[in-house]
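Undergrad: Before I ask anything, let me first share the structure, which is written out below as structure tokens.
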Amino acid sequence: MTVSARALAAGHGGRPRGPAAIRRPAAADAGLIFLIVLTTATAAAPLLGRYDPTAMNKNAVLALPSWLHLLGTDQFGRDILSRVLYGGRIALAVGIGATAIAALCGVPLGLWTGFRGGVADAAVMRAVDTLLAIPAVLLAMALVAAIGPGSVNAGVAIAIVGLPQFARIARAGVLTQRRMEYVEASVASGARDARIVFRTILPNILSPVFVQIPIGVARAILLEASLSFLGLGTQPPQASWGLMISESREYLYAAPWYGIVPGAAIALTVLALNHVADRARRWWRTERS
Amino acid sequence: MAAGGLGRYLARRAAEAGLTLLLTSVPVFAMVAALPGDPAQVILGDRGTPDQLRALRAYLGLDRPLPVQYAEWIARLAHGDLGHSLINDVPVAGIVGRALPLTLQVSAWAFAVVVVIAFPAGVFAATRPRSAGAAALRWYHGWALAVPVFWLGVLLSWYFGVVLRWLPPSGFVPFGDSPVGWARSLVLPGITLGLGIGSVMARVVEACLADVLSNDYVRTARAKGLPGRAVVWRHALGNALIPIVTVLGIQAGFFIGGAVITEAVFAIPGLGSTLWRSILTRDYLVTQSVILVGIAGFVVINLCTDALYGLLDPRVRYQ
């Protein structure tokens, strides 16, 4: 059996053939375009949204979509379009920020311990495996319980949840690369370990890290939305997609778009990131072969 | 020798599982120990005098060094003593004991949904990879993986529970009260929890089966004139089960996390809801114990998949 468990879990042990092979690059391009549009829209939230996302209007409670409020209003008269755009800011900020922290901490950790080996490597990897043994949502909830709710704390918790994956990927890369002749040449030339690891080996193991980044961002966005839905992430009256879905439950019968739009935003963003990750993974396979 | 090899393999896996559980107890204990505030103050509230607070801290062991507190906590856990709730002084073991069966029932229904989706969809896509049906399935799986579990639950609850009124939008009916009511109360939670994981497993089944179907012995079976269904279900799927079982064990973590969210959406008083409420009410001992039970569940599931792995693949037993 040649298919790795990770490739299977990602669903790409099989090769796309026929129409699927032609369609995949287009899906990845559509995903990238959506992400660019989303990032631009959330950055321009003050222009596109027109309203303060926390501004209440008791005269426009659960208003239907109209020219004044393109997606209507919620139970406090707050403009839903503005809240979706500002919620997107939090989703992208937490998603990208948490993943960046996880990568910036996890990759050097995995690189260094993998290169040095020995007791330090065994101890760190045992700690990493311990964190990986805890289901992600449980670990995130436990961390938020310890450090308190809020967008920033949720981001920190999600970064800690994502860190072991990057450490493992970096370590796997360095274990392969350190047997290569160019590394042996660096060692023989008297280069210090830090230079070998970060100047010589690191550029050659970045590809799998780049593949993991969109996966990590998608996972972080889902986790942030889940924590916010449970009241453990972004706190009211701030706007968050997960929080909006939680608040919309009582009003879906009167205003179904209130709960549908933020959920669709999460799904489309995660789908786009998954397509980009697919493209990156296919590119990496091509590079390796 | 075969039985002895399998026994040694399982014993080794069980020892590793025990070590993993012990190691994960350290961050769980540390996270709760790092919580701001004084548990003795939480229990006594504003009524406690300084002497009472000191006595209660000594009684709870909070005045001892952290490693000693950890060792005492592990010793109590080994005897099944999970402590008492800070909110209502109810034994945590009782809270967990009442909640765990509900979570297991929701998970069982979700597992059934996973199996119903994964094997038919995976076998179809592997045996007809160029068909429009396979392309449609891949498109569907992409969406199923992207949809947040809680959003799916909210929409299903609203549409089937409130709009159509076919099923209860929330709540749990014990089997003893009404078997039909019990089944109806678990359909939507089961679909919510199982849909996404079902798509993950469908892609895994497709990939593994496609790999196995390219082997020579499968070509031989077809050349001998065996019908396609026999080739797939009798000869190919058995060998494809080994990595499928492995990935299913990995997915157990998503199962457990998804159960927390699903129970919150459908107001089912299982472990997930218990954990959620305990965090909101700062009932830290309950939080600690439920997280540990969740981790133990994940470890046990992976131990079971390891055992199944050893049964499915004789080569594993002799390593």
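Following the order of the structure tokens, first chain is A, next is B, and so on, with residues numbered from 1 inside each chain and ligands from 1 in the order they appear.
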Please produce, as a tab-separated table, a per-residue contact table for chain B versus chain A (criterion: any atom at most 6 Å away, only C-alpha atoms considered), showing the nearest atom pair and its distance in Å to one decimal, sorted by chain then residue number.

TA:
residue	atom	partner	partner_atom	distance
B:Thr24	CA	A:Thr130	CA	5.5
B:Met31	CA	A:Ala146	CA	5.7
B:Leu35	CA	A:Ala146	CA	4.9
B:Arg130	CA	A:Gly18	CA	5.9
B:Ala146	CA	A:Ala267	CA	4.8
B:Val147	CA	A:Ala267	CA	4.7
B:Trp151	CA	A:Gly263	CA	5.9
B:Arg203	CA	A:Gly11	CA	4.9
B:Val204	CA	A:Leu8	CA	5.1
B:Ala207	CA	A:Gly14	CA	4.6
B:Gly253	CA	A:Pro135	CA	4.5
B:Gly257	CA	A:Val137	CA	4.9
B:Ile279	CA	A:Ala145	CA	5.8
B:Ile295	CA	A:Ile134	CA	5.6

Undergrad: Need to verify the contact set: Leu47 in chain A, 12 Å, only C-alpha atoms, exclusion of same-chain residues closer than 4 positions in sequence. Can you return it as a VMD selection string?

TA: chain A and resid 40 to 43 51 to 52 81 to 82 85 to 86

Undergrad: Let's see if you can do this: from backbone DSSP, list all helix (DSSP H, G or I) residues in range 196-242 of chain A, as a PyMOL selection string.

TA: chain A and resi 196-204+206-229+241-242

Undergrad: If you keep C-alpha atoms, can you produce a file of those selected residues as a PDB file, in the first residue's frame?

TA:
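Heads up, here's the output in result_37.pdb:
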ATOM      1  CA  ILE A 196      23.094  24.766   8.473  1.00  0.00           C
ATOM      2  CA  VAL A 197      19.540  24.482   9.763  1.00  0.00           C
ATOM      3  CA  PHE A 198      18.179  27.910   8.901  1.00  0.00           C
ATOM      4  CA  ARG A 199      20.254  28.950   5.854  1.00  0.00           C
ATOM      5  CA  THR A 200      20.973  25.579   4.203  1.00  0.00           C
ATOM      6  CA  ILE A 201      18.167  23.166   5.069  1.00  0.00           C
ATOM      7  CA  LEU A 202      15.185  25.454   5.674  1.00  0.00           C
ATOM      8  CA  PRO A 203      14.782  26.693   2.060  1.00  0.00           C
ATOM      9  CA  ASN A 204      14.582  23.054   0.932  1.00  0.00           C
ATOM     10  CA  LEU A 206       9.505  25.039   2.794  1.00  0.00           C
ATOM     11  CA  SER A 207       7.322  23.433   0.112  1.00  0.00           C
ATOM     12  CA  PRO A 208       5.352  21.111   2.426  1.00  0.00           C
ATOM     13  CA  VAL A 209       5.072  23.983   4.896  1.00  0.00           C
ATOM     14  CA  PHE A 210       3.511  26.188   2.213  1.00  0.00           C
ATOM     15  CA  VAL A 211       1.076  23.376   1.375  1.00  0.00           C
ATOM     16  CA  GLN A 212       0.050  23.171   5.049  1.00  0.00           C
ATOM     17  CA  ILE A 213      -0.559  26.920   5.384  1.00  0.00           C
ATOM     18  CA  PRO A 214      -3.919  27.180   3.530  1.00  0.00           C
ATOM     19  CA  ILE A 215      -5.045  24.000   5.303  1.00  0.00           C
ATOM     20  CA  GLY A 216      -4.049  25.572   8.614  1.00  0.00           C
ATOM     21  CA  VAL A 217      -5.862  28.834   7.833  1.00  0.00           C
ATOM     22  CA  ALA A 218      -9.057  26.940   6.882  1.00  0.00           C
ATOM     23  CA  ARG A 219      -8.876  24.933  10.076  1.00  0.00           C
ATOM     24  CA  ALA A 220      -8.240  28.087  12.135  1.00  0.00           C
ATOM     25  CA  ILE A 221     -11.226  29.884  10.608  1.00  0.00           C
ATOM     26  CA  LEU A 222     -13.495  26.919  11.397  1.00  0.00           C
ATOM     27  CA  LEU A 223     -12.150  26.727  14.957  1.00  0.00           C
ATOM     28  CA  GLU A 224     -12.613  30.457  15.562  1.00  0.00           C
ATOM     29  CA  ALA A 225     -16.170  30.268  14.250  1.00  0.00           C
ATOM     30  CA  SER A 226     -16.868  27.218  16.423  1.00  0.00           C
ATOM     31  CA  LEU A 227     -15.482  28.886  19.548  1.00  0.00           C
ATOM     32  CA  SER A 228     -17.453  32.068  18.825  1.00  0.00           C
ATOM     33  CA  PHE A 229     -20.619  30.009  18.267  1.00  0.00           C
ATOM     34  CA  TRP A 241     -19.481  34.745  11.697  1.00  0.00           C
ATOM     35  CA  GLY A 242     -19.827  32.033  14.353  1.00  0.00           C
TER      36      GLY A 242
END

Undergrad: Would you list the contacts of Ala239 in chain A as a PyMOL selection string, taking every protein, DNA or RNA residue within 9 Å and counting only C-alpha atoms, but skipping same-chain residues closer than 3 positions in sequence?

TA: chain A and resi 53-54+82-88+90+234-236+242-244

Undergrad: Would you mind exporting C-alpha atoms of the selected residues as a PDB file, in the first residue's frame?

TA:
ATOM      1  CA  PRO A  53     -21.402  46.815  12.870  1.00  0.00           C
ATOM      2  CA  THR A  54     -22.325  47.403  16.521  1.00  0.00           C
ATOM      3  CA  SER A  82     -21.683  45.294   7.822  1.00  0.00           C
ATOM      4  CA  ARG A  83     -21.483  42.588  10.467  1.00  0.00           C
ATOM      5  CA  VAL A  84     -20.657  39.945   7.843  1.00  0.00           C
ATOM      6  CA  LEU A  85     -17.841  42.118   6.427  1.00  0.00           C
ATOM      7  CA  TYR A  86     -16.400  42.983   9.839  1.00  0.00           C
ATOM      8  CA  GLY A  87     -16.842  39.383  10.908  1.00  0.00           C
ATOM      9  CA  GLY A  88     -14.793  38.440   7.867  1.00  0.00           C
ATOM     10  CA  ILE A  90     -11.918  38.765  12.419  1.00  0.00           C
ATOM     11  CA  THR A 234     -15.336  36.690  19.836  1.00  0.00           C
ATOM     12  CA  GLN A 235     -17.580  38.347  22.362  1.00  0.00           C
ATOM     13  CA  PRO A 236     -20.694  40.451  21.675  1.00  0.00           C
ATOM     14  CA  GLY A 242     -19.827  32.033  14.353  1.00  0.00           C
ATOM     15  CA  LEU A 243     -21.366  34.456  16.842  1.00  0.00           C
ATOM     16  CA  MET A 244     -23.859  35.650  14.200  1.00  0.00           C
TER      17      MET A 244
END

Undergrad: What's around range 174-183 of chain A at 7 Å? Count only C-alpha atoms, leave out sequence neighbours fewer than 3 positions away in its own chain, and write the answer as a ChimeraX atom specification.

TA: /A:111,114-115,170-171,186-187,201

Undergrad: How many Å separate CA of Val61 in chain A from CA of Asp79 in chain A?

TA: 9.6 Å

Undergrad: As a count of residues only, please: the residues near Leu285 in chain B (cut-off 7 Å, only C-alpha atoms, same-chain neighbours under 3 positions excluded).

TA: 4

Undergrad: Between A:Ala185, A:Leu48, A:Arg168, A:Ala277, which has the minimum distance to Pro108 in chain A (counting only C-alpha atoms)?

TA: A:Arg168

Undergrad: Hey, what's within 9 Å of Phe172 in chain B if we count only C-alpha atoms and toss same-chain stuff fewer than 3 positions away? As a list in words, please?

TA: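 Close residues of Phe172 in chain B: Leu102, Pro168, Gly181, Trp182, Arg184, Ser185, Leu186, Phe266, Ala267, Ile268 and Pro269 of chain B.
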
Undergrad: Nearest to Gly142 in chain B among A:Asp278, A:Trp283, A:Ala188, A:Pro65, with distances taken over only C-alpha atoms: which residue is it?

TA: A:Asp278

Undergrad: Please measure the separation of CA of Ala55 in chain B and CA of Trp73 in chain B, giving the value in Å to one decimal.

TA: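 Calculated distance between CA of Ala55 in chain B and CA of Trp73 in chain B is 18.9 Å.
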